[in-house]
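Below: one structure, written as structure tokens.
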Amino acid sequence: MQNIIRVAVDAMGGDNAPGQIVKGAVEAVNERNDIKVFLVGREDIVNSELQQYTYNKDQIEVVHASDIITNDEAPVMAIRRKKDSSIVVAMKLVKNGDADAFISAGSTGAILVGGQLIVGRIKGVDRPPLAPLIPTIKGVSLLVDCGANVDARSSHLVQFAKMGSLYMEHIVGIKNPKVAIVNIGSEEEKGNMLVKETYPLLKNCEDINFVGSIEARDIPYGAADVIVCEAFVGNVILKLYEGLSSALVGTIKKGLMSTTKSKIGAALCKGELKKTLKGFDASEFGGAPMLGLNGLVVKTHGSSKNTEIKNAIIQCVSFNEQNINEKIKENII
């Protein structure tokens, strides 16, 4: 009997909700028949969007939630007060075992708070990190943490490294993934106090393949599979990565369309160029999972469109099939 992965999607979260969220959900179920999506939000609005599409009605169910948590609300108060918000209702589906995963492009703060207060941390995990996949010339690397813990301690970074290593091995399929800590140089004695405290702990950790420090310029070259840092540094890396990629793609396209000769050249290499640029498109890698929770919580970009939502939903299948939470419990506790 086929195992169906149930994914609760916040239909009201993000800059492009509910239109692009609903579209992504429809594309996911049309691509795979082992997924069921709960679209959580204002029922009349979500159903109105769904009417535009053809899909298997058994694979999408609308769950009503009357309220929405916005980006300008205090996360803790919003989660506690807005019990019928799309984020809270969707997360409770995961907590109660009615869904296997939660996805949202909404308020990052509310998702981080809700993940810990509603879904709950795995026993032994101190700080669940956000861990997105980022493109490199060798494939992808996992950046952990990119936004959840700006005041992390060395012990937290060691847990990030362990969970990230498990994720890369079992989800991405990289055996004995290389783990590195972000630093301002390759020498062990360099870095701020947090890095200096964490380095020897990682070096002595037998559960991971620690290769030392990594400078930001080496990340795009795939020098390590798991990039460990606290959330402030991680978020700066992620945002610069995304902005620079977008700027470069725009510049390349503009250059190729500037003259008749360049247009001919662009036409000749169109297939390979499109393939190369797609490899550095962040939307192709889904969202950033919060590692170390009792259920899967995935945060996608606030500006996510249908492709990123679709890929985030499909990403949940691999996470569930590989039973990552159980592997984290075995290795962290």
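Within each chain, counting starts at residue 1; across the structure tokens, chains are named A, B, ... in the order shown, with ligands numbered 1 upward in that order.
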### Spatial neighbours of A:Ala216, 12 Å, only C-alpha atoms, chain gap at least 4 places, as a PyMOL selection string
chain A and resi 143+180-186+220-224+227-229+233-234+236-238+240-241
### Query
Which residues come within 12 Å of A:Arg153, counting only C-alpha atoms, excluding same-chain residues fewer than 2 positions away, as a list in words?
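The residues satisfying every condition are Asp126, Arg127, Asn149, Val150, Asp151, Ser155, His156, Leu157, Val158, Gln159, Phe160, Met193, Leu194, Val195, Lys196, Glu197, Thr198, Tyr199, Leu201, Cys229, Glu230 and Ala231 of chain A.
Taking only C-alpha atoms into account, A:Asn325 lies nearest to A:Gly295 out of the set A:Gly295, A:Pro128, A:Gly13, A:Gly302.
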### Query
Please, which residues of stretch 36-225 of chain A, numbered as in this document, come out alpha helix (DSSP H) from DSSP, as a ChimeraX atom specification?
/A:43-50,75-81,86-95,108-114,154-167,193-203
### Query
What is the atom CA of A:Leu39 to atom CA of A:Gly147 distance in Å?
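Atom CA of A:Gly147 lies 25.5 Å from atom CA of A:Leu39.
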### Selection: 8 Å around A:Phe102, only C-alpha atoms, excl. self and same-chain fewer than 3 positions, as number ranges by chain
A: 7-10, 90-91, 94, 99, 296-298
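Between atom CA of A:Gly106 and atom CA of A:Glu326 there is a distance of 27.4 Å.
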### Task
Step one, run DSSP on the backbone; step two, keep only residues of stretch 205-303 of chain A assigned to strand (DSSP E or B); then write them as a ChimeraX atom specification.
/A:209-214,226-228,288-290,293,296-299
### Query
Hey, what's within 7 Å of stretch 167-175 of chain A if we count only C-alpha atoms and toss same-chain stuff fewer than 6 positions away? As a PyMOL selection string, please?
chain A and resi 318-319+322
Would you mind exporting the chosen residues as a PDB file, in the first residue's frame, restricted to N, CA and C atoms?
ATOM      1  N   SER A 318      10.916  13.151   0.917  1.00  0.00           N
ATOM      2  CA  SER A 318      12.234  12.571   1.235  1.00  0.00           C
ATOM      3  C   SER A 318      12.509  12.617   2.728  1.00  0.00           C
ATOM      4  N   PHE A 319      12.165  13.735   3.356  1.00  0.00           N
ATOM      5  CA  PHE A 319      12.379  13.900   4.793  1.00  0.00           C
ATOM      6  C   PHE A 319      11.637  12.821   5.564  1.00  0.00           C
ATOM      7  N   GLN A 322      12.994   9.093   4.863  1.00  0.00           N
ATOM      8  CA  GLN A 322      14.264   8.789   5.507  1.00  0.00           C
ATOM      9  C   GLN A 322      14.188   8.845   7.032  1.00  0.00           C
TER      10      GLN A 322
END
